[in-house]
$ cat upload-v1.cif   # mmCIF, C-alpha atoms
data_my_file
loop_
_atom_site.group_PDB
_atom_site.id
_atom_site.type_symbol
_atom_site.label_atom_id
_atom_site.label_comp_id
_atom_site.auth_asym_id
_atom_site.auth_seq_id
_atom_site.Cartn_x
_atom_site.Cartn_y
_atom_site.Cartn_z
ATOM 1 C CA MET A 127 69.461 -81.022 -161.466
ATOM 2 C CA LYS A 128 71.501 -84.015 -160.325
ATOM 3 C CA LYS A 129 70.353 -87.581 -160.936
ATOM 4 C CA LYS A 130 69.985 -88.170 -157.192
ATOM 5 C CA ASP A 131 67.690 -85.156 -156.852
ATOM 6 C CA LYS A 132 65.592 -86.244 -159.849
ATOM 7 C CA LEU A 133 65.127 -89.745 -158.440
ATOM 8 C CA LEU A 134 64.186 -88.321 -155.057
ATOM 9 C CA LEU A 135 61.671 -85.881 -156.533
ATOM 10 C CA ILE A 136 60.037 -88.467 -158.812
ATOM 11 C CA GLY A 137 59.921 -90.954 -155.934
ATOM 12 C CA VAL A 138 58.228 -88.526 -153.566
ATOM 13 C CA ILE A 139 55.687 -87.548 -156.252
ATOM 14 C CA LEU A 140 54.852 -91.228 -156.889
ATOM 15 C CA ILE A 141 54.509 -91.942 -153.166
ATOM 16 C CA VAL A 142 52.178 -88.977 -152.641
ATOM 17 C CA PHE A 143 50.115 -89.925 -155.715
ATOM 18 C CA GLY A 144 49.764 -93.571 -154.633
ATOM 19 C CA ILE A 145 48.823 -92.719 -151.060
ATOM 20 C CA PHE A 146 46.343 -90.078 -152.244
ATOM 21 C CA MET A 147 44.653 -92.571 -154.568
ATOM 22 C CA PHE A 148 44.530 -95.201 -151.820
ATOM 23 C CA PHE A 149 42.961 -92.903 -149.257
ATOM 24 C CA LYS A 150 40.494 -91.628 -151.828
ATOM 25 C CA SER A 151 38.877 -95.098 -151.747
ATOM 26 C CA THR A 152 39.226 -95.611 -148.004
ATOM 27 C CA ARG A 153 36.940 -94.626 -145.149
ATOM 28 C CA VAL A 154 38.092 -94.090 -141.587
ATOM 29 C CA TYR A 155 35.658 -95.409 -138.995
ATOM 30 C CA THR A 156 37.518 -94.625 -135.805
ATOM 31 C CA TRP A 157 40.987 -93.507 -134.904
ATOM 32 C CA GLY A 158 42.884 -93.437 -131.679
ATOM 33 C CA PHE A 159 45.721 -95.120 -129.896
ATOM 34 C CA TYR A 160 46.302 -98.836 -130.212
ATOM 35 C CA ARG A 161 44.819 -100.872 -127.372
ATOM 36 C CA ILE A 162 46.387 -103.964 -125.869
ATOM 37 C CA GLY A 163 43.471 -106.294 -125.286
ATOM 38 C CA ASN A 164 40.496 -104.044 -124.709
ATOM 39 C CA THR A 165 41.754 -102.274 -121.630
ATOM 40 C CA VAL A 166 45.254 -100.797 -121.899
ATOM 41 C CA SER A 167 45.779 -97.888 -124.287
ATOM 42 C CA THR A 168 49.357 -97.498 -125.462
ATOM 43 C CA GLY A 169 48.834 -93.765 -125.963
ATOM 44 C CA GLY A 170 49.007 -92.844 -122.304
ATOM 45 C CA ILE A 171 52.129 -94.899 -121.758
ATOM 46 C CA LEU A 172 53.903 -93.470 -124.809
ATOM 47 C CA ILE A 173 52.926 -89.874 -124.030
ATOM 48 C CA ALA A 174 54.169 -90.257 -120.440
ATOM 49 C CA LEU A 175 57.455 -91.751 -121.677
ATOM 50 C CA THR A 176 57.855 -88.938 -124.211
ATOM 51 C CA LEU A 177 57.267 -86.262 -121.560
ATOM 52 C CA PHE A 178 59.720 -87.990 -119.222
ATOM 53 C CA ASP A 179 62.280 -88.151 -122.027
ATOM 54 C CA LEU A 180 61.729 -84.464 -122.818
ATOM 55 C CA VAL A 181 62.349 -83.502 -119.178
ATOM 56 C CA PHE A 182 65.409 -85.776 -119.094
ATOM 57 C CA LEU A 183 66.684 -84.232 -122.346
ATOM 58 C CA VAL A 184 66.298 -80.642 -121.122
ATOM 59 C CA ALA A 185 67.761 -81.406 -117.701
ATOM 60 C CA THR A 186 70.784 -83.449 -118.748
ATOM 61 C CA LYS A 187 71.170 -83.181 -122.547
ATOM 62 C CA HIS A 188 72.215 -86.828 -122.412
ATOM 63 C CA ARG A 189 72.860 -88.700 -125.650
ATOM 64 C CA ILE A 190 70.352 -91.463 -124.837
ATOM 65 C CA ALA A 191 67.553 -88.909 -124.461
ATOM 66 C CA LYS A 192 68.400 -87.461 -127.889
ATOM 67 C CA ILE A 193 68.224 -90.928 -129.429
ATOM 68 C CA LEU A 194 64.986 -91.927 -127.669
ATOM 69 C CA MET A 195 62.977 -88.811 -128.592
ATOM 70 C CA PRO A 196 62.474 -89.596 -132.324
ATOM 71 C CA ILE A 197 61.923 -93.267 -131.471
ATOM 72 C CA LEU A 198 59.145 -92.402 -129.002
ATOM 73 C CA ILE A 199 57.524 -89.974 -131.443
ATOM 74 C CA ALA A 200 57.611 -92.666 -134.143
ATOM 75 C CA MET A 201 56.026 -95.114 -131.687
ATOM 76 C CA ILE A 202 53.212 -92.633 -130.969
ATOM 77 C CA VAL A 203 52.537 -92.272 -134.698
ATOM 78 C CA LEU A 204 52.642 -96.060 -135.115
ATOM 79 C CA SER A 205 50.234 -96.493 -132.206
ATOM 80 C CA ILE A 206 47.760 -94.101 -133.843
ATOM 81 C CA VAL A 207 48.100 -95.862 -137.198
ATOM 82 C CA LEU A 208 47.552 -99.272 -135.593
ATOM 83 C CA GLY A 209 44.553 -97.980 -133.648
ATOM 84 C CA THR A 210 42.829 -96.594 -136.739
ATOM 85 C CA GLN A 211 40.047 -98.672 -138.289
ATOM 86 C CA LEU A 212 39.931 -98.326 -142.064
ATOM 87 C CA SER A 213 37.562 -99.773 -144.610
ATOM 88 C CA TYR A 214 38.594 -100.049 -148.259
ATOM 89 C CA TYR A 215 35.963 -99.916 -150.997
ATOM 90 C CA GLY A 216 37.204 -101.375 -154.243
ATOM 91 C CA SER A 217 38.640 -104.461 -155.861
ATOM 92 C CA VAL A 218 42.007 -106.034 -155.217
ATOM 93 C CA LEU A 219 43.118 -105.000 -158.708
ATOM 94 C CA ASP A 220 42.273 -101.369 -157.893
ATOM 95 C CA LEU A 221 44.259 -101.700 -154.683
ATOM 96 C CA PHE A 222 47.339 -102.983 -156.532
ATOM 97 C CA LEU A 223 47.043 -100.273 -159.181
ATOM 98 C CA MET A 224 46.964 -97.650 -156.421
ATOM 99 C CA LEU A 225 49.819 -99.035 -154.370
ATOM 100 C CA ILE A 226 52.211 -99.826 -157.254
ATOM 101 C CA PRO A 227 53.146 -96.135 -157.789
ATOM 102 C CA ALA A 228 53.784 -95.760 -154.054
ATOM 103 C CA ALA A 229 55.984 -98.879 -154.029
ATOM 104 C CA VAL A 230 57.942 -97.727 -157.102
ATOM 105 C CA GLY A 231 58.310 -94.279 -155.524
ATOM 106 C CA ALA A 232 59.615 -95.811 -152.298
ATOM 107 C CA GLY A 233 62.147 -97.775 -154.343
ATOM 108 C CA LEU A 234 63.286 -94.628 -156.142
ATOM 109 C CA VAL A 235 63.634 -92.734 -152.863
ATOM 110 C CA LEU A 236 65.675 -95.587 -151.381
ATOM 111 C CA ARG A 237 67.868 -95.714 -154.495
ATOM 112 C CA ALA A 238 68.437 -91.954 -154.265
ATOM 113 C CA MET A 239 69.338 -92.234 -150.583
ATOM 114 C CA MET A 240 71.812 -95.044 -151.278
ATOM 115 C CA MET A 241 73.549 -93.232 -154.161
ATOM 116 C CA LYS A 242 76.951 -91.771 -153.523
ATOM 117 C CA ALA A 243 77.342 -88.036 -153.898
ATOM 118 C CA GLU A 244 78.383 -87.025 -157.403
ATOM 119 C CA LYS A 245 81.580 -85.058 -157.713
ATOM 120 C CA ASP A 246 81.448 -81.779 -159.580
ATOM 121 C CA SER A 247 83.392 -82.101 -162.834
ATOM 122 C CA GLU A 248 83.913 -78.374 -163.318
#

$ encode --input "upload-v1.cif" --output "structure tokens"
Amino acid sequence: MKKKDKLLLIGVILIVFGIFMFFKSTRVYTWGFYRIGNTVSTGGILIALTLFDLVFLVATKHRIAKILMPILIAMIVLSIVLGTQLSYYGSVLDLFLMLIPAAVGAGLVLRAMMMKAEKDSE
């Protein structure tokens, strides 16, 4: 197994472990799309834009539509994350001890992504 693959695997394991431990001590009260003020839900706007982009992509196969699709999907996910109300039960020290493995794992994944491909010496 190459060094890049090892770093990536260890990083992903640490991220999953840290997030699992964090959510084990967290309760979700409500979830939904993020609201601007108390009236406008971003979900409807983003879903309509995504459907429009999908129709535009199928009809024209334009490069802009291909670029916008993952951006719009990421914005929908972000809107749901921002609209979710969480409550954490625990101390700040527990929080740091849970999030440190996830942060180290993210660093390892970034290091693996930035590494140049190793040449085979065979």

$ atom_distance --input "upload-v1.cif" --atom1 "atom CA of Leu133 of chain A" --atom2 "atom CA of Ser151 of chain A"
27.6 Å

$ resolve_selection --input "upload-v1.cif" --expression "the PyMOL selection byres ((chain A and resi 200-210) around 7)" --output "JSON list (two decimals) with C-alpha atoms, in the frame of the given file"
[["chain", "number", "residue", "atom", "x", "y", "z"],
["A", 156, "THR", "CA", 37.52, -94.62, -135.80],
["A", 157, "TRP", "CA", 40.99, -93.51, -134.90],
["A", 158, "GLY", "CA", 42.88, -93.44, -131.68],
["A", 159, "PHE", "CA", 45.72, -95.12, -129.90],
["A", 160, "TYR", "CA", 46.30, -98.84, -130.21],
["A", 161, "ARG", "CA", 44.82, -100.87, -127.37],
["A", 168, "THR", "CA", 49.36, -97.50, -125.46],
["A", 169, "GLY", "CA", 48.83, -93.76, -125.96],
["A", 172, "LEU", "CA", 53.90, -93.47, -124.81],
["A", 196, "PRO", "CA", 62.47, -89.60, -132.32],
["A", 197, "ILE", "CA", 61.92, -93.27, -131.47],
["A", 198, "LEU", "CA", 59.14, -92.40, -129.00],
["A", 199, "ILE", "CA", 57.52, -89.97, -131.44],
["A", 211, "GLN", "CA", 40.05, -98.67, -138.29],
["A", 212, "LEU", "CA", 39.93, -98.33, -142.06]]

$ atom_distance --input "upload-v1.cif" --atom1 "atom CA of Lys128 of chain A" --atom2 "atom CA of Phe146 of chain A"
27.1 Å

$ atom_distance --input "upload-v1.cif" --atom1 "atom CA of Met241 of chain A" --atom2 "atom CA of Leu194 of chain A"
27.9 Å

$ residues_around --input "upload-v1.cif" --residues "Lys132 of chain A" --least-positions-apart "3" --cutoff "12 Å" --atoms "all atoms listed in the file" --output "PyMOL selection string"
chain A and resi 127-129+135-139+231+234-235+237-239

$ closest_residue --input "upload-v1.cif" --among "A:Leu219, A:Met240, A:Ser213, A:Ala174" --to "Arg153 of chain A" --atoms "all atoms listed in the file"
A:Ser213

$ resolve_selection --input "upload-v1.cif" --expression "the PyMOL selection byres ((chain A and resi 147) around 12)" --output "number ranges by chain"
A: 140-146, 148-152, 214-216, 220-228
